[in-house]
file coords-v8.cif (mmCIF, C-alpha atoms)
data_coords
#
loop_
_atom_site.label_atom_id
_atom_site.label_comp_id
_atom_site.auth_asym_id
_atom_site.auth_seq_id
_atom_site.Cartn_x
_atom_site.Cartn_y
_atom_site.Cartn_z
CA MET A 215 -65.67 -67.54 -66.01
CA ASP A 216 -68.78 -68.31 -68.02
CA LYS A 217 -71.30 -66.91 -65.55
CA GLN A 218 -72.44 -63.75 -67.32
CA GLY A 219 -69.30 -61.88 -66.34
CA ALA A 220 -69.74 -61.87 -62.58
CA PHE A 221 -68.01 -63.92 -59.91
CA PRO A 222 -69.97 -65.11 -56.89
CA PRO A 223 -68.75 -63.31 -53.76
CA LEU A 224 -67.50 -66.30 -51.79
CA LEU A 225 -65.69 -69.55 -52.47
CA GLY A 226 -68.25 -71.29 -50.28
CA ASP A 227 -70.98 -70.35 -52.74
CA LEU A 228 -69.07 -72.02 -55.57
CA ILE A 229 -68.50 -75.17 -53.55
CA SER A 230 -72.18 -75.40 -52.63
CA ARG A 231 -73.33 -74.91 -56.22
CA ASN A 232 -71.03 -77.63 -57.55
CA ALA A 233 -70.90 -80.06 -54.60
CA SER A 234 -72.35 -82.98 -56.58
CA ARG A 235 -69.56 -82.72 -59.20
CA LEU A 236 -66.60 -82.64 -56.83
CA THR A 237 -64.19 -85.58 -56.54
CA ALA A 238 -62.02 -86.77 -53.65
CA ALA A 239 -59.06 -84.90 -55.18
CA ASP A 240 -61.19 -81.76 -55.39
CA THR A 241 -62.05 -82.08 -51.71
CA ARG A 242 -58.40 -82.35 -50.75
CA LEU A 243 -57.58 -79.27 -52.82
CA LEU A 244 -60.43 -77.30 -51.29
CA ASP A 245 -59.29 -78.26 -47.80
CA VAL A 246 -55.90 -76.75 -48.63
CA LEU A 247 -57.41 -73.63 -50.22
CA THR A 248 -59.84 -72.87 -47.41
CA GLY A 249 -57.33 -73.75 -44.71
CA ASP A 250 -55.04 -70.87 -45.71
CA PRO A 251 -56.85 -68.44 -48.06
CA VAL A 252 -53.93 -66.00 -48.09
CA ARG A 253 -51.43 -68.58 -49.31
CA ALA A 254 -53.98 -70.03 -51.72
CA ALA A 255 -54.41 -66.67 -53.42
CA MET A 256 -50.66 -66.38 -53.93
CA GLU A 257 -49.83 -69.86 -55.26
CA ASN A 258 -50.28 -71.36 -58.72
CA GLY A 259 -52.17 -74.57 -59.45
CA LYS A 260 -49.08 -76.80 -59.37
CA GLU A 261 -48.06 -75.53 -55.93
CA VAL A 262 -51.56 -75.99 -54.51
CA SER A 263 -51.75 -79.53 -55.96
CA LEU A 264 -48.41 -80.40 -54.42
CA ARG A 265 -49.54 -79.30 -50.98
CA ALA A 266 -52.76 -81.28 -51.37
CA GLY A 267 -50.88 -84.39 -52.49
CA VAL A 268 -52.75 -84.75 -55.78
CA HIS A 269 -51.80 -84.80 -59.48
CA PRO A 270 -50.56 -81.38 -60.74
CA ALA A 271 -53.46 -81.23 -63.21
CA SER A 272 -56.03 -81.66 -60.44
CA ALA A 273 -56.10 -77.95 -59.62
CA VAL A 274 -56.94 -77.15 -63.24
CA ARG A 275 -59.75 -79.72 -63.25
CA LEU A 276 -61.14 -78.28 -60.00
CA ALA A 277 -61.14 -74.78 -61.45
CA ARG A 278 -63.08 -75.95 -64.50
CA ARG A 279 -65.62 -77.85 -62.39
CA LEU A 280 -66.23 -74.63 -60.49
CA GLY A 281 -66.93 -72.79 -63.75
CA PHE A 282 -63.59 -71.15 -64.55
CA LYS A 283 -61.68 -71.46 -67.83
CA GLY A 284 -58.53 -72.54 -66.02
CA TYR A 285 -56.59 -72.20 -62.79
CA PRO A 286 -55.25 -68.67 -63.50
CA GLU A 287 -58.83 -67.39 -63.68
CA PHE A 288 -59.72 -69.23 -60.47
CA ARG A 289 -56.65 -67.74 -58.77
CA SER A 290 -57.74 -64.27 -59.91
CA PHE A 291 -61.10 -64.94 -58.29
CA LEU A 292 -59.40 -65.87 -55.01
CA GLN A 293 -57.22 -62.76 -55.19
CA GLY A 294 -60.21 -60.56 -55.94
CA ASN A 295 -61.98 -61.83 -52.85
CA LEU A 296 -58.91 -61.11 -50.76
CA MET A 297 -58.42 -57.61 -52.15
CA GLU A 298 -62.07 -56.76 -51.61
CA GLY A 299 -61.55 -57.55 -47.95
CA GLY A 300 -64.47 -59.90 -47.48
CA GLY A 301 -64.91 -61.82 -44.24
CA GLU A 302 -62.37 -61.72 -41.43
CA ASP A 303 -59.23 -62.03 -43.57
CA PHE A 304 -58.42 -58.34 -43.41
CA GLU A 305 -58.12 -58.47 -39.63
CA ASN A 306 -55.12 -60.69 -40.45
CA PRO A 307 -51.90 -58.70 -41.14
CA ALA A 308 -50.65 -61.42 -43.50
CA ALA A 309 -53.82 -61.09 -45.58
CA ARG A 310 -53.43 -57.35 -45.85
CA MET A 311 -49.80 -57.71 -46.90
CA ALA A 312 -50.67 -60.39 -49.47
CA ALA A 313 -53.36 -58.20 -51.00
CA ARG A 314 -50.92 -55.32 -51.37
CA LEU A 315 -48.39 -57.58 -53.05
CA MET A 316 -51.08 -58.72 -55.49
CA ARG A 317 -51.91 -55.13 -56.39
CA ALA A 318 -48.22 -54.43 -56.94
CA GLU A 319 -47.58 -57.38 -59.28
CA GLU A 320 -48.11 -55.42 -62.51
CA GLY A 321 -46.98 -51.89 -61.72
CA GLY A 322 -44.22 -52.43 -59.15
CA ILE A 323 -44.14 -51.99 -55.39
CA LEU A 324 -43.29 -48.29 -55.25
CA SER A 325 -45.74 -47.24 -57.95
CA SER A 326 -48.50 -49.26 -56.30
CA LEU A 327 -47.88 -47.65 -52.92
CA LEU A 328 -47.72 -44.15 -54.40
CA ASP A 329 -50.96 -44.68 -56.31
CA SER A 330 -52.63 -45.94 -53.14
CA GLU A 331 -51.48 -42.99 -51.03
CA ILE A 332 -52.42 -40.43 -53.68
CA ALA A 333 -55.89 -41.92 -54.03
CA ALA A 334 -56.39 -41.89 -50.25
CA LEU A 335 -55.21 -38.28 -50.00
CA GLN A 336 -57.58 -37.25 -52.77
CA ARG A 337 -60.46 -38.88 -50.89
CA ALA A 338 -59.46 -36.95 -47.77
CA ARG A 339 -59.62 -33.70 -49.76
CA HIS A 340 -63.33 -34.33 -50.36
CA SER A 341 -64.25 -35.91 -47.01
CA VAL A 342 -62.54 -33.57 -44.50
CA SER A 343 -63.48 -29.90 -44.43
CA ASP A 344 -61.68 -26.83 -43.13
CA ALA A 345 -64.41 -26.65 -40.48
CA ASP A 346 -63.43 -30.12 -39.26
CA ILE A 347 -59.81 -29.00 -38.94
CA ARG A 348 -60.83 -25.76 -37.20
CA GLY A 349 -62.95 -27.69 -34.67
CA PHE A 350 -59.86 -29.64 -33.60
CA SER A 351 -57.53 -26.65 -33.53
CA GLU A 352 -59.94 -24.49 -31.49
CA THR A 353 -60.33 -27.25 -28.92
CA LEU A 354 -56.55 -27.57 -28.60
CA ARG A 355 -56.08 -23.81 -28.38
CA ASP A 356 -58.58 -23.52 -25.54
CA SER A 357 -57.30 -26.51 -23.54
CA ARG A 358 -55.16 -26.29 -20.43
CA ARG A 359 -53.33 -29.54 -21.24
CA VAL A 360 -53.42 -32.02 -24.11
CA PHE A 361 -53.12 -35.79 -23.83
CA VAL A 362 -52.60 -37.97 -26.91
CA PHE A 363 -53.35 -41.70 -26.94
CA ALA A 364 -53.11 -44.44 -29.56
CA ARG A 365 -52.30 -48.12 -29.85
CA GLY A 366 -50.41 -50.15 -32.44
CA HIS A 367 -48.83 -48.42 -35.43
CA SER A 368 -50.74 -45.20 -34.74
CA ALA A 369 -48.70 -44.76 -31.53
CA ALA A 370 -45.88 -43.48 -33.78
CA LEU A 371 -48.19 -40.71 -34.99
CA ALA A 372 -49.26 -39.96 -31.40
CA ALA A 373 -45.61 -39.40 -30.48
CA LEU A 374 -45.15 -37.00 -33.42
CA ILE A 375 -48.30 -35.04 -32.52
CA ALA A 376 -47.19 -34.69 -28.90
CA LEU A 377 -43.71 -33.55 -30.00
CA ARG A 378 -45.05 -30.90 -32.34
CA LEU A 379 -47.63 -29.58 -29.86
CA ASN A 380 -45.02 -29.28 -27.11
CA ARG A 381 -42.73 -27.34 -29.45
CA SER A 382 -45.69 -25.11 -30.29
CA GLY A 383 -46.11 -24.20 -26.63
CA TYR A 384 -48.91 -26.58 -25.63
CA ARG A 385 -48.40 -28.82 -22.60
CA THR A 386 -48.85 -32.24 -24.13
CA ALA A 387 -48.35 -35.78 -22.84
CA ASP A 388 -48.09 -38.83 -25.08
CA LEU A 389 -49.98 -41.45 -23.06
CA SER A 390 -49.03 -44.12 -25.59
CA SER A 391 -45.47 -44.01 -24.27
CA GLN A 392 -46.63 -44.22 -20.66
CA MET A 393 -48.55 -47.46 -20.67
CA HIS A 394 -46.91 -48.54 -17.40
CA GLN A 395 -48.28 -45.35 -15.79
CA LEU A 396 -51.53 -44.99 -17.73
CA ALA A 397 -53.73 -45.04 -14.63
CA GLU A 398 -51.65 -42.31 -12.99
CA ALA A 399 -51.74 -40.17 -16.13
CA LEU A 400 -55.49 -40.52 -16.56
CA SER A 401 -56.16 -39.82 -12.89
CA ILE A 402 -55.09 -36.17 -13.32
CA LEU A 403 -57.39 -35.53 -16.31
CA GLU A 404 -59.91 -32.82 -15.54
CA GLU A 405 -62.25 -30.31 -17.09
CA GLY A 406 -60.31 -27.97 -19.34
CA ASP A 407 -58.06 -30.72 -20.67
CA ALA A 408 -58.25 -32.31 -24.12
CA LEU A 409 -57.65 -35.94 -25.05
CA TRP A 410 -56.72 -36.65 -28.68
CA LEU A 411 -57.42 -40.27 -29.60
CA LEU A 412 -56.17 -42.09 -32.70
CA ALA A 413 -58.04 -45.29 -33.60
CA PHE A 414 -57.46 -47.08 -36.89
CA ARG A 415 -59.08 -50.27 -38.20
CA LYS A 416 -61.06 -50.58 -34.96
CA ALA A 417 -61.34 -48.91 -31.59
CA SER A 418 -59.83 -51.30 -29.07
CA PRO A 419 -61.47 -51.86 -25.67
CA LEU A 420 -58.66 -49.84 -24.10
CA ILE A 421 -59.38 -46.88 -26.39
CA GLN A 422 -63.04 -47.08 -25.38
CA GLN A 423 -62.14 -47.19 -21.68
CA VAL A 424 -59.80 -44.20 -21.97
CA CYS A 425 -62.54 -42.27 -23.77
CA GLU A 426 -65.05 -43.10 -21.03
CA ILE A 427 -62.66 -41.95 -18.31
CA ALA A 428 -61.94 -38.68 -20.10
CA ALA A 429 -65.64 -37.97 -20.64
CA ALA A 430 -66.43 -38.73 -17.00
CA LYS A 431 -63.75 -36.27 -15.89
CA GLY A 432 -65.06 -33.51 -18.16
CA ALA A 433 -62.15 -33.48 -20.61
CA LYS A 434 -62.94 -32.86 -24.27
CA VAL A 435 -62.22 -35.81 -26.53
CA LEU A 436 -60.92 -35.44 -30.07
CA ALA A 437 -60.89 -38.57 -32.22
CA LEU A 438 -59.08 -39.07 -35.52
CA THR A 439 -60.22 -42.40 -36.94
CA ASP A 440 -60.45 -44.27 -40.20
CA LEU A 441 -63.80 -45.55 -41.42
CA ARG A 442 -63.30 -48.95 -39.82
CA GLY A 443 -62.52 -47.48 -36.42
CA ALA A 444 -65.23 -44.85 -36.39
CA ARG A 445 -67.41 -46.09 -33.55
CA ILE A 446 -66.31 -44.70 -30.18
CA GLU A 447 -68.54 -44.41 -27.14
CA PRO A 448 -69.36 -41.99 -25.66
CA PRO A 449 -69.24 -39.88 -28.83
CA PRO A 450 -66.16 -37.61 -28.94
CA HIS A 451 -66.49 -33.85 -28.69
CA ARG A 452 -64.96 -33.68 -32.19
CA GLN A 453 -64.27 -36.51 -34.61
CA ILE A 454 -62.63 -36.61 -38.03
CA LEU A 455 -63.27 -39.69 -40.15
CA ILE A 456 -60.83 -40.48 -42.93
CA SER A 457 -60.18 -43.41 -45.24
CA ARG A 458 -56.60 -44.67 -45.25
CA GLY A 459 -57.28 -46.64 -48.42
CA ALA A 460 -59.54 -49.35 -49.75
CA PRO A 461 -58.97 -52.99 -48.72
CA GLY A 462 -55.74 -54.18 -50.29
CA GLU A 463 -54.29 -50.66 -50.47
CA SER A 464 -51.47 -49.39 -48.29
CA GLN A 465 -53.47 -48.28 -45.21
CA SER A 466 -50.47 -46.26 -44.02
CA LEU A 467 -50.29 -43.25 -41.69
CA VAL A 468 -49.81 -40.73 -44.52
CA VAL A 469 -53.45 -39.56 -44.54
CA PRO A 470 -53.92 -39.20 -40.75
CA MET A 471 -50.49 -37.59 -40.49
CA THR A 472 -51.55 -35.06 -43.13
CA ILE A 473 -54.72 -34.31 -41.15
CA ALA A 474 -52.71 -33.92 -37.93
CA ASN A 475 -50.28 -31.57 -39.67
CA ALA A 476 -53.21 -29.50 -40.96
CA VAL A 477 -54.64 -29.21 -37.43
CA ILE A 478 -51.31 -28.07 -35.97
CA LEU A 479 -50.79 -25.59 -38.82
CA ASP A 480 -54.31 -24.20 -38.37
CA LEU A 481 -53.65 -23.94 -34.63
CA ALA A 482 -50.72 -21.64 -35.37
CA ALA A 483 -53.03 -19.51 -37.50
CA ILE A 484 -55.56 -18.89 -34.71
CA ASP A 485 -53.58 -18.77 -31.43
CA GLU A 486 -52.39 -15.16 -31.77
CA GLY A 487 -48.73 -15.97 -32.19
CA ARG A 488 -48.42 -18.50 -29.35
CA SER A 489 -47.18 -21.31 -31.60
CA LEU A 490 -44.79 -19.09 -33.55
CA ALA A 491 -43.30 -17.57 -30.40
CA ALA A 492 -42.85 -21.00 -28.80
CA LEU A 493 -41.15 -22.36 -31.91
CA ALA A 494 -38.77 -19.36 -31.98
CA ASP A 495 -37.97 -19.82 -28.28
CA PHE A 496 -37.30 -23.50 -28.79
CA LYS A 497 -35.01 -22.83 -31.73
CA ALA A 498 -33.04 -20.30 -29.69
CA PHE A 499 -32.80 -22.66 -26.71
CA ARG A 500 -31.58 -25.54 -28.83
CA ALA A 501 -28.95 -23.34 -30.49
CA GLN A 502 -27.60 -22.00 -27.18
CA SER A 503 -27.90 -25.11 -25.04
CA PRO A 504 -24.86 -27.37 -24.49
CA LEU A 505 -27.26 -30.22 -25.25
CA SER A 506 -26.97 -29.41 -28.95
CA GLN A 507 -23.30 -30.43 -28.95
CA ALA A 508 -23.84 -33.46 -26.73
CA LEU A 509 -26.51 -34.84 -29.03
CA LEU A 510 -24.57 -34.48 -32.28
#
call {"tool": "encode", "arguments": {"input": "coords-v8.cif", "output": "structure tokens"}}
result
Amino acid sequence: MDKQGAFPPLLGDLISRNASRLTAADTRLLDVLTGDPVRAAMENGKEVSLRAGVHPASAVRLARRLGFKGYPEFRSFLQGNLMEGGGEDFENPAARMAARLMRAEEGGILSSLLDSEIAALQRARHSVSDADIRGFSETLRDSRRVFVFARGHSAALAALIALRLNRSGYRTADLSSQMHQLAEALSILEEGDALWLLAFRKASPLIQQVCEIAAAKGAKVLALTDLRGARIEPPPHRQILISRGAPGESQSLVVPMTIANAVILDLAAIDEGRSLAALADFKAFRAQSPLSQALL
């Protein structure tokens, strides 16, 4: 694009700057593009023209009127906007998936995902300290009971955390699996308990309400969040903020799972053998119990 090397941040800016030059065919194309920005960023000029019901060359002419050398450059602009996560598109799962596919076009799906996860883990190395981990593990060690709560995909991680803490000898309930009895579970929270919250992308109203109830009952709240879901009120007793990846990257549970594993490992290092003894007892029970044969 012949604009001193920089693209304007939004398609709307381009349309406004060139409004007087746009034709009826351009308007029909732009209606299609703005009506579904995810699909628009994935299609070529011929496909967009077909959906708009105009001549196949119309998309190329539109791109040039907007200042691009051709439609491929215009499409790159649309993809760049999507991958940068501007506007509300990245609250849309389809937009997030499309952006990941775009990043994977050159290097392959697996390589793209691995690069994304490695980059996110490296960022965690520099953003989360051993003191952050120790703050979580000390709170868990000193708690009478632990409750874990998450929504969406992070509920899978909540289940794993609860499983590992129970095996380590800590009475833990996964509230995410008890949604039909959430009120009953929260009613028994009290001082001396800990609530571990997981909130990624944003803290839902339910997460906020659970946090408020726990704080009112005197339980200590631990929150593991990504940068988009960082704001929780009232402020947790301890909070670890991590990035699961830039917009358009994988945004998986690898980074928060690594942090959770670090907390549980550190807990075993400071609880005077409680975790190790519980794990040994569990191993012995599983080996001797008739359940082991029944579950094979």
call {"tool": "closest_atom_pairs", "arguments": {"input": "coords-v8.cif", "of": "region 353-460 of chain A", "to": "region 321-334 of chain A", "cutoff": "8 Å", "atoms": "all atoms listed in the file", "output": "Markdown table"}}
result
| residue | atom | partner | partner_atom | distance |
| --- | --- | --- | --- | --- |
| A:Ser457 | CA | A:Ala334 | CA | 6.5 |
| A:Arg458 | CA | A:Ala334 | CA | 5.7 |
| A:Gly459 | CA | A:Ala334 | CA | 5.2 |
call {"tool": "resolve_selection", "arguments": {"input": "coords-v8.cif", "expression": "the PyMOL selection byres ((chain A and resi 403) around 7)", "output": "ChimeraX atom specification"}}
result
/A:400-402,404,407,428,431,433
call {"tool": "write_last_selection", "arguments": {"input": "coords-v8.cif", "atoms": "C-alpha atoms", "output": "mmCIF file, keeping the file's coordinate frame"}}
result
data_model
loop_
_atom_site.group_PDB
_atom_site.id
_atom_site.type_symbol
_atom_site.label_atom_id
_atom_site.label_comp_id
_atom_site.auth_asym_id
_atom_site.auth_seq_id
_atom_site.Cartn_x
_atom_site.Cartn_y
_atom_site.Cartn_z
ATOM 1 C CA LEU A 400 -55.490 -40.520 -16.560
ATOM 2 C CA SER A 401 -56.160 -39.820 -12.890
ATOM 3 C CA ILE A 402 -55.090 -36.170 -13.320
ATOM 4 C CA GLU A 404 -59.910 -32.820 -15.540
ATOM 5 C CA ASP A 407 -58.060 -30.720 -20.670
ATOM 6 C CA ALA A 428 -61.940 -38.680 -20.100
ATOM 7 C CA LYS A 431 -63.750 -36.270 -15.890
ATOM 8 C CA ALA A 433 -62.150 -33.480 -20.610
#
call {"tool": "resolve_selection", "arguments": {"input": "coords-v8.cif", "expression": "the PyMOL selection byres ((chain A and resi 371) around 12)", "output": "PyMOL selection string"}}
result
chain A and resi 362-370+372-378+388+390-391+410-414+438+466-475
call {"tool": "atom_distance", "arguments": {"input": "coords-v8.cif", "atom1": "CA of Arg415 (chain A)", "atom2": "CA of Gln453 (chain A)"}}
result
15.1 Å
call {"tool": "resolve_selection", "arguments": {"input": "coords-v8.cif", "expression": "the PyMOL selection byres ((chain A and resi 352) around 10)", "output": "tab-separated table (two decimals) with C-alpha atoms, in the frame of the given file"}}
result
chain	number	residue	atom	x	y	z
A	347	ILE	CA	-59.81	-29.00	-38.94
A	348	ARG	CA	-60.83	-25.76	-37.20
A	349	GLY	CA	-62.95	-27.69	-34.67
A	350	PHE	CA	-59.86	-29.64	-33.60
A	351	SER	CA	-57.53	-26.65	-33.53
A	353	THR	CA	-60.33	-27.25	-28.92
A	354	LEU	CA	-56.55	-27.57	-28.60
A	355	ARG	CA	-56.08	-23.81	-28.38
A	356	ASP	CA	-58.58	-23.52	-25.54
A	357	SER	CA	-57.30	-26.51	-23.54
A	477	VAL	CA	-54.64	-29.21	-37.43
A	480	ASP	CA	-54.31	-24.20	-38.37
A	481	LEU	CA	-53.65	-23.94	-34.63
A	484	ILE	CA	-55.56	-18.89	-34.71
A	485	ASP	CA	-53.58	-18.77	-31.43
call {"tool": "atom_distance", "arguments": {"input": "coords-v8.cif", "atom1": "CA of Ala238 (chain A)", "atom2": "CA of Val252 (chain A)"}}
result
23.0 Å
call {"tool": "residues_around", "arguments": {"input": "coords-v8.cif", "residues": "region 419-425 of chain A", "least_positions_apart": "4", "cutoff": "7 Å", "atoms": "all atoms listed in the file", "output": "PyMOL selection string"}}
result
chain A and resi 429+446-447
call {"tool": "residues_near_point", "arguments": {"input": "coords-v8.cif", "point": "(-67.1, -31.3, -28.6)", "cutoff": "8 Å", "atoms": "only C-alpha atoms", "output": "VMD selection string"}}
result
chain A and resid 353 434 to 436 450 to 452
call {"tool": "closest_residue", "arguments": {"input": "coords-v8.cif", "among": "A:Arg358, A:His269, A:Arg488, A:His394", "to": "Ala239 (chain A)", "atoms": "only C-alpha atoms"}}
result
A:His269
call {"tool": "closest_residue", "arguments": {"input": "coords-v8.cif", "among": "A:Pro251, A:Pro504, A:Gly267, A:Pro448", "to": "Leu292 (chain A)", "atoms": "all atoms listed in the file"}}
result
A:Pro251
call {"tool": "atom_distance", "arguments": {"input": "coords-v8.cif", "atom1": "CA of Leu396 (chain A)", "atom2": "CA of Glu426 (chain A)"}}
result
14.0 Å
call {"tool": "residues_around", "arguments": {"input": "coords-v8.cif", "residues": "Ala254 (chain A)", "least_positions_apart": "5", "cutoff": "9 Å", "atoms": "all atoms listed in the file", "output": "mmCIF file with C-alpha atoms, in the coordinates of the input"}}
result
data_model
loop_
_atom_site.group_PDB
_atom_site.id
_atom_site.type_symbol
_atom_site.label_atom_id
_atom_site.label_comp_id
_atom_site.auth_asym_id
_atom_site.auth_seq_id
_atom_site.Cartn_x
_atom_site.Cartn_y
_atom_site.Cartn_z
ATOM 1 C CA VAL A 246 -55.900 -76.750 -48.630
ATOM 2 C CA LEU A 247 -57.410 -73.630 -50.220
ATOM 3 C CA THR A 248 -59.840 -72.870 -47.410
ATOM 4 C CA GLY A 249 -57.330 -73.750 -44.710
ATOM 5 C CA VAL A 262 -51.560 -75.990 -54.510
ATOM 6 C CA ARG A 289 -56.650 -67.740 -58.770
ATOM 7 C CA LEU A 292 -59.400 -65.870 -55.010
ATOM 8 C CA GLN A 293 -57.220 -62.760 -55.190
#
call {"tool": "closest_residue", "arguments": {"input": "coords-v8.cif", "among": "A:Thr237, A:Ser382, A:Ser418, A:Thr439", "to": "Ala494 (chain A)", "atoms": "all atoms listed in the file"}}
result
A:Ser382
call {"tool": "residues_around", "arguments": {"input": "coords-v8.cif", "residues": "region 274-282 of chain A", "least_positions_apart": "3", "cutoff": "10 Å", "atoms": "all atoms listed in the file", "output": "ChimeraX atom specification"}}
result
/A:215-217,221,225,228-233,235-237,239-241,243-244,258-260,263,269-271,285-289,291
call {"tool": "decode", "arguments": {"input": "coords-v8.cif", "residues": "region 437-458 of chain A", "atoms": "N, CA and C atoms", "output": "CSV table (one decimal), in the first residue's frame"}}
result
chain,number,residue,atom,x,y,z
A,437,ALA,N,-6.8,-16.0,42.6
A,437,ALA,CA,-7.2,-15.8,41.2
A,437,ALA,C,-6.1,-16.0,40.3
A,438,LEU,N,-6.3,-16.9,39.3
A,438,LEU,CA,-5.3,-17.2,38.2
A,438,LEU,C,-6.0,-16.7,37.0
A,439,THR,N,-5.6,-15.6,36.4
A,439,THR,CA,-6.3,-15.0,35.3
A,439,THR,C,-5.3,-14.6,34.1
A,440,ASP,N,-5.8,-14.5,32.9
A,440,ASP,CA,-5.0,-13.9,31.9
A,440,ASP,C,-5.2,-12.4,31.9
A,441,LEU,N,-4.5,-11.7,31.0
A,441,LEU,CA,-4.5,-10.3,31.1
A,441,LEU,C,-5.8,-9.7,30.8
A,442,ARG,N,-6.6,-10.4,30.0
A,442,ARG,CA,-7.9,-9.9,29.6
A,442,ARG,C,-8.9,-10.1,30.7
A,443,GLY,N,-8.7,-11.0,31.6
A,443,GLY,CA,-9.6,-11.3,32.7
A,443,GLY,C,-9.1,-10.9,34.0
A,444,ALA,N,-8.3,-9.9,34.1
A,444,ALA,CA,-7.6,-9.5,35.3
A,444,ALA,C,-8.4,-8.8,36.3
A,445,ARG,N,-9.5,-8.2,35.9
A,445,ARG,CA,-10.2,-7.3,36.9
A,445,ARG,C,-11.3,-8.1,37.6
A,446,ILE,N,-11.1,-8.3,38.9
A,446,ILE,CA,-12.0,-9.0,39.7
A,446,ILE,C,-12.2,-8.2,41.0
A,447,GLU,N,-13.5,-8.0,41.4
A,447,GLU,CA,-13.8,-7.3,42.6
A,447,GLU,C,-14.6,-8.1,43.5
A,448,PRO,N,-14.3,-8.0,44.8
A,448,PRO,CA,-13.2,-7.3,45.5
A,448,PRO,C,-11.9,-8.0,45.1
A,449,PRO,N,-10.8,-7.2,45.2
A,449,PRO,CA,-9.5,-7.8,44.8
A,449,PRO,C,-9.2,-9.1,45.6
A,450,PRO,N,-8.7,-10.1,44.9
A,450,PRO,CA,-8.4,-11.4,45.5
A,450,PRO,C,-7.2,-11.2,46.5
A,451,HIS,N,-7.2,-12.2,47.4
A,451,HIS,CA,-6.1,-12.2,48.4
A,451,HIS,C,-4.7,-12.3,47.7
A,452,ARG,N,-4.7,-13.2,46.7
A,452,ARG,CA,-3.5,-13.4,45.8
A,452,ARG,C,-4.0,-13.5,44.4
A,453,GLN,N,-3.3,-12.9,43.4
A,453,GLN,CA,-3.7,-13.0,42.0
A,453,GLN,C,-2.4,-13.2,41.2
A,454,ILE,N,-2.4,-14.1,40.3
A,454,ILE,CA,-1.4,-14.3,39.3
A,454,ILE,C,-1.9,-14.0,37.9
A,455,LEU,N,-1.3,-13.0,37.2
A,455,LEU,CA,-1.7,-12.6,35.9
A,455,LEU,C,-0.7,-13.2,34.9
A,456,ILE,N,-1.3,-13.9,33.9
A,456,ILE,CA,-0.5,-14.5,32.8
A,456,ILE,C,-1.1,-14.1,31.5
A,457,SER,N,-0.2,-14.2,30.5
A,457,SER,CA,-0.7,-14.0,29.1
A,457,SER,C,-0.8,-15.4,28.5
A,458,ARG,N,-1.9,-15.8,27.9
A,458,ARG,CA,-2.0,-17.1,27.2
A,458,ARG,C,-1.7,-17.0,25.7
